file data.cif (mmCIF, C-alpha atoms and all ligand atoms)
data_my_file
loop_
_atom_site.label_atom_id
_atom_site.label_comp_id
_atom_site.auth_asym_id
_atom_site.auth_seq_id
_atom_site.Cartn_x
_atom_site.Cartn_y
_atom_site.Cartn_z
CA MET A 495 5.73 -14.86 -19.97
CA ASN A 496 9.47 -15.36 -20.06
CA LYS A 497 10.94 -17.29 -17.11
CA ALA A 498 13.54 -14.56 -16.63
CA ASP A 499 10.75 -12.06 -15.97
CA ARG A 500 9.54 -13.84 -12.86
CA ARG A 501 9.75 -12.07 -9.53
CA PRO A 502 10.57 -13.86 -6.24
CA LEU A 503 8.31 -13.12 -3.25
CA GLY A 504 10.89 -12.74 -0.49
CA ARG A 505 12.35 -16.05 0.70
CA SER A 506 9.04 -17.87 0.27
CA GLY A 507 10.24 -19.90 -2.72
CA ILE A 508 7.24 -18.56 -4.65
CA ASP A 509 7.83 -16.49 -7.77
CA ILE A 510 5.26 -14.72 -9.90
CA ALA A 511 4.89 -13.01 -13.26
CA PRO A 512 5.25 -9.22 -12.96
CA LEU A 513 1.55 -8.29 -12.79
CA VAL A 514 -1.00 -9.43 -10.19
CA PHE A 515 -4.72 -9.44 -11.05
CA GLY A 516 -6.69 -7.38 -8.50
CA GLY A 517 -9.76 -9.36 -7.51
CA ASN A 518 -11.81 -6.66 -5.78
CA VAL A 519 -13.82 -6.19 -8.99
CA PHE A 520 -15.25 -9.74 -8.90
CA GLY A 521 -18.84 -9.56 -7.69
CA TRP A 522 -18.68 -5.75 -7.77
CA THR A 523 -18.02 -4.12 -11.15
CA VAL A 524 -17.61 -7.52 -12.88
CA ASP A 525 -20.15 -10.38 -12.89
CA GLU A 526 -19.18 -14.07 -12.78
CA PRO A 527 -19.12 -14.82 -16.55
CA THR A 528 -16.93 -11.78 -17.26
CA SER A 529 -14.72 -12.66 -14.28
CA PHE A 530 -14.17 -16.12 -15.78
CA ALA A 531 -13.30 -14.63 -19.19
CA LEU A 532 -10.82 -12.22 -17.57
CA LEU A 533 -9.17 -14.98 -15.52
CA ASP A 534 -8.94 -17.24 -18.61
CA ARG A 535 -7.21 -14.52 -20.61
CA PHE A 536 -4.93 -13.58 -17.70
CA LEU A 537 -3.69 -17.17 -17.38
CA ASP A 538 -3.38 -17.62 -21.16
CA ALA A 539 -1.14 -14.54 -21.28
CA GLY A 540 1.32 -16.30 -18.96
CA LEU A 541 0.35 -14.34 -15.86
CA ASP A 542 -0.46 -16.22 -12.68
CA ALA A 543 -0.93 -14.27 -9.44
CA ILE A 544 -4.45 -13.34 -8.31
CA ASP A 545 -5.09 -11.09 -5.30
CA THR A 546 -8.32 -11.19 -3.31
CA ALA A 547 -9.54 -10.89 0.30
CA ASP A 548 -12.26 -12.38 2.48
CA VAL A 549 -13.94 -8.97 2.59
CA TYR A 550 -14.21 -8.45 -1.21
CA SER A 551 -16.62 -7.15 -2.37
CA ALA A 552 -18.71 -6.38 0.74
CA TRP A 553 -19.18 -2.70 -0.17
CA ALA A 554 -21.27 -3.49 -3.26
CA PRO A 555 -25.04 -3.29 -2.63
CA GLY A 556 -26.45 -6.70 -1.67
CA ASN A 557 -23.02 -8.24 -0.96
CA GLN A 558 -21.65 -9.40 2.38
CA GLY A 559 -18.02 -10.21 1.53
CA GLY A 560 -16.63 -13.46 0.13
CA GLU A 561 -18.10 -12.91 -3.34
CA SER A 562 -14.68 -12.43 -4.96
CA GLU A 563 -13.19 -15.58 -3.40
CA THR A 564 -16.32 -17.53 -4.38
CA ILE A 565 -16.01 -16.49 -8.03
CA ILE A 566 -12.29 -17.35 -8.10
CA GLY A 567 -13.07 -20.70 -6.42
CA ASN A 568 -15.76 -21.53 -8.98
CA TRP A 569 -13.34 -20.70 -11.78
CA LEU A 570 -10.57 -22.86 -10.24
CA ALA A 571 -12.97 -25.77 -9.77
CA ALA A 572 -14.15 -25.67 -13.39
CA ASP A 573 -10.74 -26.91 -14.60
CA ALA A 574 -8.51 -28.90 -12.25
CA SER A 575 -5.33 -27.85 -14.08
CA ARG A 576 -5.81 -24.20 -13.13
CA ARG A 577 -4.96 -24.39 -9.44
CA ASP A 578 -1.33 -25.42 -9.97
CA ARG A 579 -0.85 -22.71 -12.58
CA CYS A 580 -2.03 -19.90 -10.27
CA VAL A 581 -0.61 -18.16 -7.24
CA ILE A 582 -3.60 -17.43 -4.99
CA ILE A 583 -3.23 -14.50 -2.61
CA THR A 584 -5.91 -13.63 -0.05
CA LYS A 585 -6.26 -11.70 3.19
CA ALA A 586 -7.82 -11.89 6.63
CA GLY A 587 -8.82 -9.30 9.16
CA ALA A 588 -10.81 -6.62 7.39
CA ALA A 589 -14.06 -8.59 7.30
CA LEU A 590 -13.94 -8.78 11.06
CA LYS A 591 -12.53 -5.32 11.76
CA GLU A 592 -15.84 -3.53 12.01
CA LYS A 593 -17.12 -6.22 14.36
CA GLY A 594 -14.09 -5.65 16.61
CA GLY A 595 -12.49 -8.87 15.33
CA GLY A 596 -9.04 -8.17 13.98
CA LEU A 597 -6.15 -10.61 13.86
CA THR A 598 -6.66 -12.78 16.94
CA ALA A 599 -5.61 -16.42 16.63
CA ALA A 600 -9.24 -17.55 16.74
CA ASN A 601 -10.21 -15.17 13.95
CA ILE A 602 -7.30 -16.20 11.73
CA VAL A 603 -8.09 -19.89 12.13
CA ALA A 604 -11.80 -19.32 11.37
CA SER A 605 -11.05 -16.97 8.46
CA VAL A 606 -8.63 -19.31 6.70
CA GLU A 607 -11.13 -22.17 6.77
CA ALA A 608 -13.83 -19.93 5.27
CA SER A 609 -11.45 -18.65 2.57
CA LEU A 610 -10.27 -22.18 1.67
CA ARG A 611 -13.90 -23.28 1.38
CA ARG A 612 -14.86 -20.36 -0.88
CA LEU A 613 -11.70 -20.71 -2.98
CA ARG A 614 -12.34 -24.48 -3.28
CA THR A 615 -8.70 -25.28 -2.67
CA ASP A 616 -6.59 -26.94 0.03
CA ARG A 617 -3.95 -24.19 0.19
CA ILE A 618 -3.46 -20.45 -0.08
CA ASP A 619 -0.14 -19.37 -1.58
CA VAL A 620 0.19 -16.04 0.24
CA TYR A 621 -2.04 -15.22 3.22
CA PHE A 622 -2.06 -11.59 4.26
CA SER A 623 -2.90 -9.74 7.43
CA HIS A 624 -5.10 -7.15 5.69
CA PHE A 625 -4.53 -4.32 8.18
CA PRO A 626 -2.40 -4.04 11.31
CA ASP A 627 -4.37 -4.89 14.44
CA PRO A 628 -3.47 -2.42 17.22
CA VAL A 629 -5.13 -4.54 19.92
CA THR A 630 -4.00 -8.15 19.38
CA PRO A 631 -0.35 -8.82 20.31
CA ILE A 632 1.68 -9.34 17.12
CA GLU A 633 3.11 -12.63 18.55
CA GLU A 634 -0.41 -14.07 18.74
CA THR A 635 -1.12 -13.14 15.11
CA LEU A 636 2.23 -14.51 13.92
CA ARG A 637 1.88 -17.74 15.89
CA ALA A 638 -1.52 -18.35 14.28
CA HIS A 639 -0.12 -17.68 10.81
CA ASP A 640 2.87 -19.92 11.54
CA SER A 641 0.63 -22.82 12.50
CA LEU A 642 -1.19 -22.47 9.15
CA VAL A 643 2.17 -22.61 7.34
CA ARG A 644 3.16 -25.73 9.30
CA GLN A 645 -0.14 -27.39 8.45
CA GLY A 646 0.37 -26.63 4.74
CA LYS A 647 -2.81 -24.55 4.52
CA VAL A 648 -0.74 -21.48 3.70
CA ARG A 649 2.61 -21.37 1.88
CA ALA A 650 3.72 -17.88 2.92
CA ILE A 651 2.37 -14.93 4.87
CA GLY A 652 2.25 -11.22 4.17
CA ALA A 653 1.37 -7.86 5.72
CA SER A 654 -0.74 -5.20 4.05
CA ASN A 655 -1.08 -1.57 5.12
CA TYR A 656 1.72 -1.89 7.73
CA ASP A 657 3.99 1.11 8.18
CA ALA A 658 7.75 0.69 8.63
CA GLY A 659 7.56 0.63 12.44
CA GLN A 660 4.81 -1.99 12.51
CA LEU A 661 6.60 -4.14 9.95
CA ARG A 662 9.93 -3.91 11.78
CA ALA A 663 8.23 -4.96 15.03
CA ALA A 664 6.57 -7.92 13.29
CA LEU A 665 9.82 -9.06 11.64
CA SER A 666 11.70 -8.91 14.89
CA ALA A 667 8.91 -10.76 16.78
CA SER A 668 8.95 -13.60 14.25
CA ALA A 669 12.77 -13.81 14.31
CA GLN A 670 12.85 -13.92 18.13
CA ALA A 671 10.17 -16.58 18.40
CA GLY A 672 11.39 -18.65 15.44
CA LEU A 673 8.11 -18.16 13.55
CA SER A 674 7.40 -17.69 9.84
CA ARG A 675 7.97 -14.05 8.93
CA TYR A 676 5.94 -11.77 6.70
CA GLU A 677 7.64 -12.47 3.35
CA VAL A 678 5.53 -10.11 1.26
CA ILE A 679 4.07 -6.67 1.85
CA GLN A 680 1.19 -4.96 0.10
CA PRO A 681 1.33 -1.17 0.34
CA GLU A 682 -0.60 1.43 -1.63
CA TYR A 683 1.84 2.74 -4.24
CA ASN A 684 1.50 4.37 -7.63
CA LEU A 685 2.76 7.43 -9.50
CA TYR A 686 0.35 9.65 -7.56
CA ALA A 687 0.60 8.05 -4.10
CA ARG A 688 4.35 7.79 -3.49
CA ASP A 689 4.89 9.21 0.00
CA SER A 690 3.74 6.37 2.21
CA TYR A 691 5.84 3.65 0.51
CA GLU A 692 8.98 5.51 -0.55
CA GLY A 693 11.21 6.09 2.48
CA PRO A 694 11.54 3.85 5.55
CA LEU A 695 9.06 1.19 4.38
CA ARG A 696 10.74 0.68 1.01
CA ASP A 697 14.20 0.76 2.63
CA LEU A 698 13.14 -1.96 5.06
CA ALA A 699 11.59 -4.09 2.30
CA ILE A 700 14.80 -3.89 0.27
CA THR A 701 17.10 -4.59 3.24
CA GLU A 702 15.01 -7.58 4.35
CA GLY A 703 14.58 -8.89 0.80
CA LEU A 704 10.77 -8.90 1.01
CA GLY A 705 8.37 -9.30 -1.90
CA VAL A 706 6.35 -6.15 -2.59
CA ILE A 707 3.05 -6.14 -4.47
CA THR A 708 1.52 -2.68 -4.77
CA TYR A 709 -2.18 -1.88 -4.68
CA TYR A 710 -4.16 0.90 -6.39
CA SER A 711 -1.44 0.71 -9.03
CA LEU A 712 -3.64 2.72 -11.43
CA ALA A 713 -4.94 5.03 -8.66
CA SER A 714 -8.40 3.45 -9.14
CA GLY A 715 -8.22 4.14 -12.88
CA PHE A 716 -7.08 7.79 -12.70
CA LEU A 717 -3.68 6.96 -14.24
CA THR A 718 -5.34 5.56 -17.37
CA GLY A 719 -6.17 9.19 -18.21
CA LYS A 720 -9.91 8.67 -18.46
CA TYR A 721 -10.68 11.22 -15.76
CA ARG A 722 -9.49 14.67 -16.84
CA SER A 723 -12.20 16.86 -15.28
CA LYS A 724 -15.05 16.61 -12.77
CA ASP A 725 -17.43 15.83 -15.66
CA ASP A 726 -15.56 12.53 -16.18
CA LEU A 727 -16.15 11.23 -12.65
CA GLY A 728 -19.44 9.57 -13.66
CA LYS A 729 -17.59 7.26 -16.09
CA SER A 730 -17.35 4.42 -13.56
CA ALA A 731 -18.59 3.26 -10.16
CA ARG A 732 -15.09 4.22 -9.01
CA GLY A 733 -15.30 7.80 -10.22
CA ALA A 734 -16.17 9.05 -6.74
CA ARG A 735 -12.79 7.75 -5.51
CA VAL A 736 -10.66 9.63 -8.02
CA GLY A 737 -11.93 13.20 -7.59
CA ASN A 738 -9.08 13.98 -5.16
CA TYR A 739 -6.49 13.34 -7.90
CA LEU A 740 -7.89 16.14 -10.08
CA ASN A 741 -5.44 18.84 -8.99
CA PRO A 742 -2.36 20.46 -10.60
CA ARG A 743 -0.02 17.63 -9.56
CA GLY A 744 -2.40 14.95 -10.81
CA LEU A 745 -2.79 16.70 -14.15
CA ARG A 746 1.00 17.11 -14.42
CA ILE A 747 1.36 13.35 -13.94
CA LEU A 748 -1.20 12.72 -16.68
CA GLU A 749 0.71 15.03 -19.04
CA ALA A 750 3.94 13.09 -18.44
CA LEU A 751 2.08 9.79 -18.94
CA ASP A 752 0.57 11.09 -22.21
CA GLU A 753 3.96 12.21 -23.52
CA THR A 754 5.63 8.92 -22.60
CA ALA A 755 2.74 6.89 -24.02
CA ARG A 756 2.96 8.74 -27.36
CA ALA A 757 6.66 7.92 -27.63
CA HIS A 758 5.94 4.19 -27.24
CA ASP A 759 2.62 4.00 -29.10
CA ALA A 760 1.15 2.89 -25.77
CA ARG A 761 -1.58 4.09 -23.41
CA PRO A 762 -1.05 6.19 -20.29
CA GLY A 763 -2.16 3.38 -17.94
CA GLU A 764 0.37 1.04 -19.55
CA VAL A 765 3.12 3.52 -18.79
CA ALA A 766 1.94 3.81 -15.15
CA ILE A 767 2.13 0.02 -14.74
CA ALA A 768 5.47 -0.26 -16.56
CA TRP A 769 6.86 2.45 -14.22
CA LEU A 770 5.95 0.30 -11.20
CA ILE A 771 7.37 -2.88 -12.75
CA ALA A 772 10.67 -1.07 -13.35
CA ARG A 773 10.81 0.51 -9.91
CA GLN A 774 13.35 -0.61 -7.32
CA GLY A 775 11.60 -2.20 -4.34
CA VAL A 776 8.60 -3.44 -6.34
CA SER A 777 8.06 -7.11 -7.20
CA ALA A 778 4.82 -6.63 -9.11
CA PRO A 779 1.93 -4.17 -9.25
CA ILE A 780 -1.61 -5.37 -8.54
CA ALA A 781 -4.18 -3.94 -10.95
CA SER A 782 -7.71 -4.85 -11.85
CA ALA A 783 -9.63 -4.71 -15.12
CA THR A 784 -13.36 -4.77 -15.82
CA SER A 785 -13.19 -5.75 -19.51
CA ILE A 786 -11.00 -7.82 -21.81
CA GLU A 787 -9.90 -4.63 -23.57
CA GLN A 788 -8.61 -3.21 -20.28
CA LEU A 789 -6.89 -6.50 -19.49
CA GLU A 790 -5.17 -6.54 -22.91
CA SER A 791 -3.81 -3.11 -22.03
CA LEU A 792 -2.46 -4.39 -18.68
CA ILE A 793 -0.83 -7.33 -20.49
CA ARG A 794 0.85 -4.95 -22.96
CA ALA A 795 2.16 -2.98 -19.97
CA THR A 796 4.18 -5.99 -18.82
CA ARG A 797 6.11 -5.85 -22.12
CA LEU A 798 6.68 -2.09 -22.19
CA MET A 799 10.29 -1.11 -21.54
CA LEU A 800 10.67 2.48 -20.37
CA THR A 801 13.92 4.34 -21.04
CA SER A 802 15.88 6.17 -18.36
CA SER A 803 14.63 9.49 -19.75
CA ASP A 804 11.02 8.21 -19.52
CA MET A 805 11.64 7.27 -15.88
CA ALA A 806 13.19 10.70 -15.20
CA ARG A 807 10.24 12.54 -16.81
CA LEU A 808 7.74 10.56 -14.69
CA GLU A 809 9.86 11.03 -11.58
CA THR A 810 9.90 14.80 -12.01
CA ALA A 811 6.21 15.15 -12.84
CA SER A 812 5.14 13.05 -9.86
CA ASP A 813 7.65 14.37 -7.30
CA PRO A 814 5.59 14.59 -4.09
CA GLN A 815 7.75 17.51 -2.81
CA ALA A 816 7.46 19.69 -5.93
N1 LIG B 901 -4.50 -4.36 0.58
C1 LIG B 901 -5.43 -3.44 0.48
O1 LIG B 901 -5.83 -2.81 1.48
C2 LIG B 901 -5.99 -3.13 -0.88
C3 LIG B 901 -6.77 -1.96 -1.06
C4 LIG B 901 -7.26 -1.72 -2.35
C5 LIG B 901 -6.98 -2.59 -3.39
N2 LIG B 901 -6.25 -3.72 -3.17
C6 LIG B 901 -5.95 -4.68 -4.25
O2 LIG B 901 -5.43 -4.00 -5.37
C7 LIG B 901 -6.23 -4.27 -6.50
C8 LIG B 901 -6.16 -3.11 -7.44
O3 LIG B 901 -6.86 -2.01 -6.91
P1 LIG B 901 -8.11 -1.46 -7.64
O4 LIG B 901 -8.69 -2.51 -8.52
O5 LIG B 901 -9.03 -0.94 -6.57
O6 LIG B 901 -7.55 -0.21 -8.43
P2 LIG B 901 -6.58 0.01 -9.69
O7 LIG B 901 -5.93 -1.24 -10.12
O8 LIG B 901 -5.79 1.19 -9.35
O9 LIG B 901 -7.66 0.45 -10.80
C9 LIG B 901 -8.26 -0.51 -11.59
C10 LIG B 901 -9.52 0.01 -12.24
O10 LIG B 901 -9.18 0.98 -13.25
C11 LIG B 901 -10.02 0.79 -14.39
N3 LIG B 901 -9.14 0.40 -15.52
C12 LIG B 901 -8.23 -0.61 -15.57
N4 LIG B 901 -7.62 -0.67 -16.78
C13 LIG B 901 -8.16 0.32 -17.50
C14 LIG B 901 -7.95 0.78 -18.83
N5 LIG B 901 -7.07 0.20 -19.65
N6 LIG B 901 -8.67 1.84 -19.27
C15 LIG B 901 -9.57 2.45 -18.46
N7 LIG B 901 -9.82 2.06 -17.18
C16 LIG B 901 -9.12 1.01 -16.72
C17 LIG B 901 -11.01 -0.32 -14.04
O11 LIG B 901 -12.16 0.23 -13.39
P3 LIG B 901 -13.47 0.76 -14.17
O12 LIG B 901 -13.60 0.01 -15.45
O13 LIG B 901 -14.58 0.52 -13.21
O14 LIG B 901 -13.21 2.21 -14.38
C18 LIG B 901 -10.24 -1.10 -12.99
O15 LIG B 901 -11.08 -1.86 -12.16
C19 LIG B 901 -7.59 -4.66 -5.95
O16 LIG B 901 -8.36 -5.42 -6.84
C20 LIG B 901 -7.17 -5.45 -4.74
O17 LIG B 901 -6.81 -6.76 -5.14
C21 LIG B 901 -5.74 -3.99 -1.94
#
call {"tool": "encode", "arguments": {"input": "data.cif", "output": "structure tokens"}}
result
Amino acid sequence: MNKADRRPLGRSGIDIAPLVFGGNVFGWTVDEPTSFALLDRFLDAGLDAIDTADVYSAWAPGNQGGESETIIGNWLAADASRRDRCVIITKAGAALKEKGGGLTAANIVASVEASLRRLRTDRIDVYFSHFPDPVTPIEETLRAHDSLVRQGKVRAIGASNYDAGQLRAALSASAQAGLSRYEVIQPEYNLYARDSYEGPLRDLAITEGLGVITYYSLASGFLTGKYRSKDDLGKSARGARVGNYLNPRGLRILEALDETARAHDARPGEVAIAWLIARQGVSAPIASATSIEQLESLIRATRLMLTSSDMARLETASDPQA
């Protein structure tokens, strides 16, 4: 990957290649050997940022959370040169949410130690608050994160699933108390789900110069075009999650992706990722893959240059107000 293509994550001093590997598949739809092969290929292609969370992949039968970090940790440990070539992103809070835990200082301190142990590393590059915690005062959460930064256990912190008001409050609390601020945000954003990011949250991210890594960048696989009718929903364990996209607007988006893909001899999912990479207010999309073939497609997406008329066609087809 060309050095010029790297994207800064806010003022953290960390920059990344323009595609983040989504690690929620490890231990869920991908076993350990395939996970290793995917991570090898990802790194060989010049990509470097890997997103996971303490809670991944607790929803898979027989799992309890931590499986994804464990697989990544085993892969890092198998070759000592890998750690310095990767940007490791993980999150705290969701594993404890159902137990009433959230982002208290005690929980953050306990969670980071568990994540470092599973990841078999001495530092996390970006440590996210997975969801806003409506109960714990934001100063307590930020102070705990800040102490991890000072100890060198975490290089930068981020906020996922925060709305503009929650993010603004967190940024002002860290500025007032002289604490590390959330340098990176992780919102849901893709050609189908545009509403919650575009608007005040994106404006704030741009004004504050934050890094933005988007999740569900392929709308759980819908934007690859493999689900065109209800009969297709059985194609993957994720099919149940994409049924809601099968409506006139979703199909209009697929048509625009098909047309754009044909013009570039590319695949619809590659166009959906290239759209995000080109979008103002996006540092890099996060996307996952369950096979090398899918990963090759994601890698091609990082090299796909869309024209202004491609961007306009996709903009019109996916307009949330239309
Ligand atoms: N912060 C948060 O709250 C949050 C929430 C959700 C996700 N995330 C992060 O974002 C990442 C990405 O989300 P995601 O993995 O759930 O969804 P996604 O990236 O929108 O969809 C990826 C899935 O689409 C399918 N796919 C990928 N490439 C394909 C291709 N070329 N052809 C056909 N199918 C293809 C694969 O699933 P199948 O092969 O199984 O169909 C793959 O696992 C996660 O791994 C996680 O790191 C964060």
call {"tool": "atom_distance", "arguments": {"input": "data.cif", "atom1": "atom CA of Arg535 of chain A", "atom2": "atom CA of Ile510 of chain A"}}
result
16.4 Å
call {"tool": "axis_aligned_box", "arguments": {"input": "data.cif", "around": "ligand LIG 901 (chain B)", "padding_each_side": "3 Å", "output": "lines of an AutoDock Vina configuration file"}}
result
center_x = -9.5
center_y = -2.2
center_z = -9.1
size_x = 16.1
size_y = 15.2
size_z = 27.1
call {"tool": "residues_near_ligand", "arguments": {"input": "data.cif", "ligand": "ligand LIG 901 (chain B)", "cutoff": "6 Å", "atoms": "all atoms listed in the file", "output": "VMD selection string"}}
result
chain A and resid 516 to 519 545 to 546 624 654 680 709 to 715 718 730 to 732 780 to 784 788 791
call {"tool": "write_last_selection", "arguments": {"input": "data.cif", "atoms": "C-alpha atoms", "output": "mmCIF file, in the frame of the given file"}}
result
data_model
loop_
_atom_site.group_PDB
_atom_site.id
_atom_site.type_symbol
_atom_site.label_atom_id
_atom_site.label_comp_id
_atom_site.auth_asym_id
_atom_site.auth_seq_id
_atom_site.Cartn_x
_atom_site.Cartn_y
_atom_site.Cartn_z
ATOM 1 C CA GLY A 516 -6.690 -7.380 -8.500
ATOM 2 C CA GLY A 517 -9.760 -9.360 -7.510
ATOM 3 C CA ASN A 518 -11.810 -6.660 -5.780
ATOM 4 C CA VAL A 519 -13.820 -6.190 -8.990
ATOM 5 C CA ASP A 545 -5.090 -11.090 -5.300
ATOM 6 C CA THR A 546 -8.320 -11.190 -3.310
ATOM 7 C CA HIS A 624 -5.100 -7.150 5.690
ATOM 8 C CA SER A 654 -0.740 -5.200 4.050
ATOM 9 C CA GLN A 680 1.190 -4.960 0.100
ATOM 10 C CA TYR A 709 -2.180 -1.880 -4.680
ATOM 11 C CA TYR A 710 -4.160 0.900 -6.390
ATOM 12 C CA SER A 711 -1.440 0.710 -9.030
ATOM 13 C CA LEU A 712 -3.640 2.720 -11.430
ATOM 14 C CA ALA A 713 -4.940 5.030 -8.660
ATOM 15 C CA SER A 714 -8.400 3.450 -9.140
ATOM 16 C CA GLY A 715 -8.220 4.140 -12.880
ATOM 17 C CA THR A 718 -5.340 5.560 -17.370
ATOM 18 C CA SER A 730 -17.350 4.420 -13.560
ATOM 19 C CA ALA A 731 -18.590 3.260 -10.160
ATOM 20 C CA ARG A 732 -15.090 4.220 -9.010
ATOM 21 C CA ILE A 780 -1.610 -5.370 -8.540
ATOM 22 C CA ALA A 781 -4.180 -3.940 -10.950
ATOM 23 C CA SER A 782 -7.710 -4.850 -11.850
ATOM 24 C CA ALA A 783 -9.630 -4.710 -15.120
ATOM 25 C CA THR A 784 -13.360 -4.770 -15.820
ATOM 26 C CA GLN A 788 -8.610 -3.210 -20.280
ATOM 27 C CA SER A 791 -3.810 -3.110 -22.030
#
call {"tool": "residues_around", "arguments": {"input": "data.cif", "residues": "Ile544 of chain A", "least_positions_apart": "6", "cutoff": "6 Å", "atoms": "all atoms listed in the file", "output": "list of chain:residue names"}}
result
A:Val514, A:Phe515, A:Ile582, A:Ile583
call {"tool": "residues_around", "arguments": {"input": "data.cif", "residues": "Arg501 of chain A", "least_positions_apart": "6", "cutoff": "8 Å", "atoms": "all atoms listed in the file", "output": "PyMOL selection string"}}
result
chain A and resi 509-512+777-778
call {"tool": "write_last_selection", "arguments": {"input": "data.cif", "atoms": "C-alpha atoms", "output": "compact mmCIF listing (two decimals), keeping the file's coordinate frame"}}
result
# COMPACT_ATOMS: atom_id res chain seq x y z
CA ASP A 509 7.83 -16.49 -7.77
CA ILE A 510 5.26 -14.72 -9.90
CA ALA A 511 4.89 -13.01 -13.26
CA PRO A 512 5.25 -9.22 -12.96
CA SER A 777 8.06 -7.11 -7.20
CA ALA A 778 4.82 -6.63 -9.11
call {"tool": "residues_around", "arguments": {"input": "data.cif", "residues": "Asp752 of chain A", "least_positions_apart": "4", "cutoff": "8 Å", "atoms": "all atoms listed in the file", "output": "MDAnalysis selection string"}}
result
chainID A and resid 748 756 761:762
call {"tool": "residues_near_point", "arguments": {"input": "data.cif", "point": "(-9.3, -28.9, -2.8)", "cutoff": "10 Å", "atoms": "only C-alpha atoms", "output": "list in words"}}
result
Gly567, Leu570, Ala571, Ala574, Arg577, Leu610, Arg611, Leu613, Arg614, Thr615, Asp616 and Arg617 of chain A
call {"tool": "closest_residue", "arguments": {"input": "data.cif", "among": "A:Gly504, A:Gly521, A:Gly559, A:Pro779", "to": "Glu702 of chain A", "atoms": "only C-alpha atoms"}}
result
A:Gly504
call {"tool": "atom_distance", "arguments": {"input": "data.cif", "atom1": "atom CA of Arg746 of chain A", "atom2": "atom CA of Phe716 of chain A"}}
result
12.5 Å
call {"tool": "residues_around", "arguments": {"input": "data.cif", "residues": "Leu532 of chain A", "least_positions_apart": "4", "cutoff": "12 Å", "atoms": "only C-alpha atoms", "output": "MDAnalysis selection string"}}
result
chainID A and resid 515:517 519:520 524:528 536:539 541 544 565:566 569 782:790 792:793
call {"tool": "write_last_selection", "arguments": {"input": "data.cif", "atoms": "C-alpha atoms", "output": "PDB file, in the frame of the given file"}}
result
ATOM      1  CA  PHE A 515      -4.720  -9.440 -11.050  1.00  0.00           C
ATOM      2  CA  GLY A 516      -6.690  -7.380  -8.500  1.00  0.00           C
ATOM      3  CA  GLY A 517      -9.760  -9.360  -7.510  1.00  0.00           C
ATOM      4  CA  VAL A 519     -13.820  -6.190  -8.990  1.00  0.00           C
ATOM      5  CA  PHE A 520     -15.250  -9.740  -8.900  1.00  0.00           C
ATOM      6  CA  VAL A 524     -17.610  -7.520 -12.880  1.00  0.00           C
ATOM      7  CA  ASP A 525     -20.150 -10.380 -12.890  1.00  0.00           C
ATOM      8  CA  GLU A 526     -19.180 -14.070 -12.780  1.00  0.00           C
ATOM      9  CA  PRO A 527     -19.120 -14.820 -16.550  1.00  0.00           C
ATOM     10  CA  THR A 528     -16.930 -11.780 -17.260  1.00  0.00           C
ATOM     11  CA  PHE A 536      -4.930 -13.580 -17.700  1.00  0.00           C
ATOM     12  CA  LEU A 537      -3.690 -17.170 -17.380  1.00  0.00           C
ATOM     13  CA  ASP A 538      -3.380 -17.620 -21.160  1.00  0.00           C
ATOM     14  CA  ALA A 539      -1.140 -14.540 -21.280  1.00  0.00           C
ATOM     15  CA  LEU A 541       0.350 -14.340 -15.860  1.00  0.00           C
ATOM     16  CA  ILE A 544      -4.450 -13.340  -8.310  1.00  0.00           C
ATOM     17  CA  ILE A 565     -16.010 -16.490  -8.030  1.00  0.00           C
ATOM     18  CA  ILE A 566     -12.290 -17.350  -8.100  1.00  0.00           C
ATOM     19  CA  TRP A 569     -13.340 -20.700 -11.780  1.00  0.00           C
ATOM     20  CA  SER A 782      -7.710  -4.850 -11.850  1.00  0.00           C
ATOM     21  CA  ALA A 783      -9.630  -4.710 -15.120  1.00  0.00           C
ATOM     22  CA  THR A 784     -13.360  -4.770 -15.820  1.00  0.00           C
ATOM     23  CA  SER A 785     -13.190  -5.750 -19.510  1.00  0.00           C
ATOM     24  CA  ILE A 786     -11.000  -7.820 -21.810  1.00  0.00           C
ATOM     25  CA  GLU A 787      -9.900  -4.630 -23.570  1.00  0.00           C
ATOM     26  CA  GLN A 788      -8.610  -3.210 -20.280  1.00  0.00           C
ATOM     27  CA  LEU A 789      -6.890  -6.500 -19.490  1.00  0.00           C
ATOM     28  CA  GLU A 790      -5.170  -6.540 -22.910  1.00  0.00           C
ATOM     29  CA  LEU A 792      -2.460  -4.390 -18.680  1.00  0.00           C
ATOM     30  CA  ILE A 793      -0.830  -7.330 -20.490  1.00  0.00           C
TER      31      ILE A 793
END
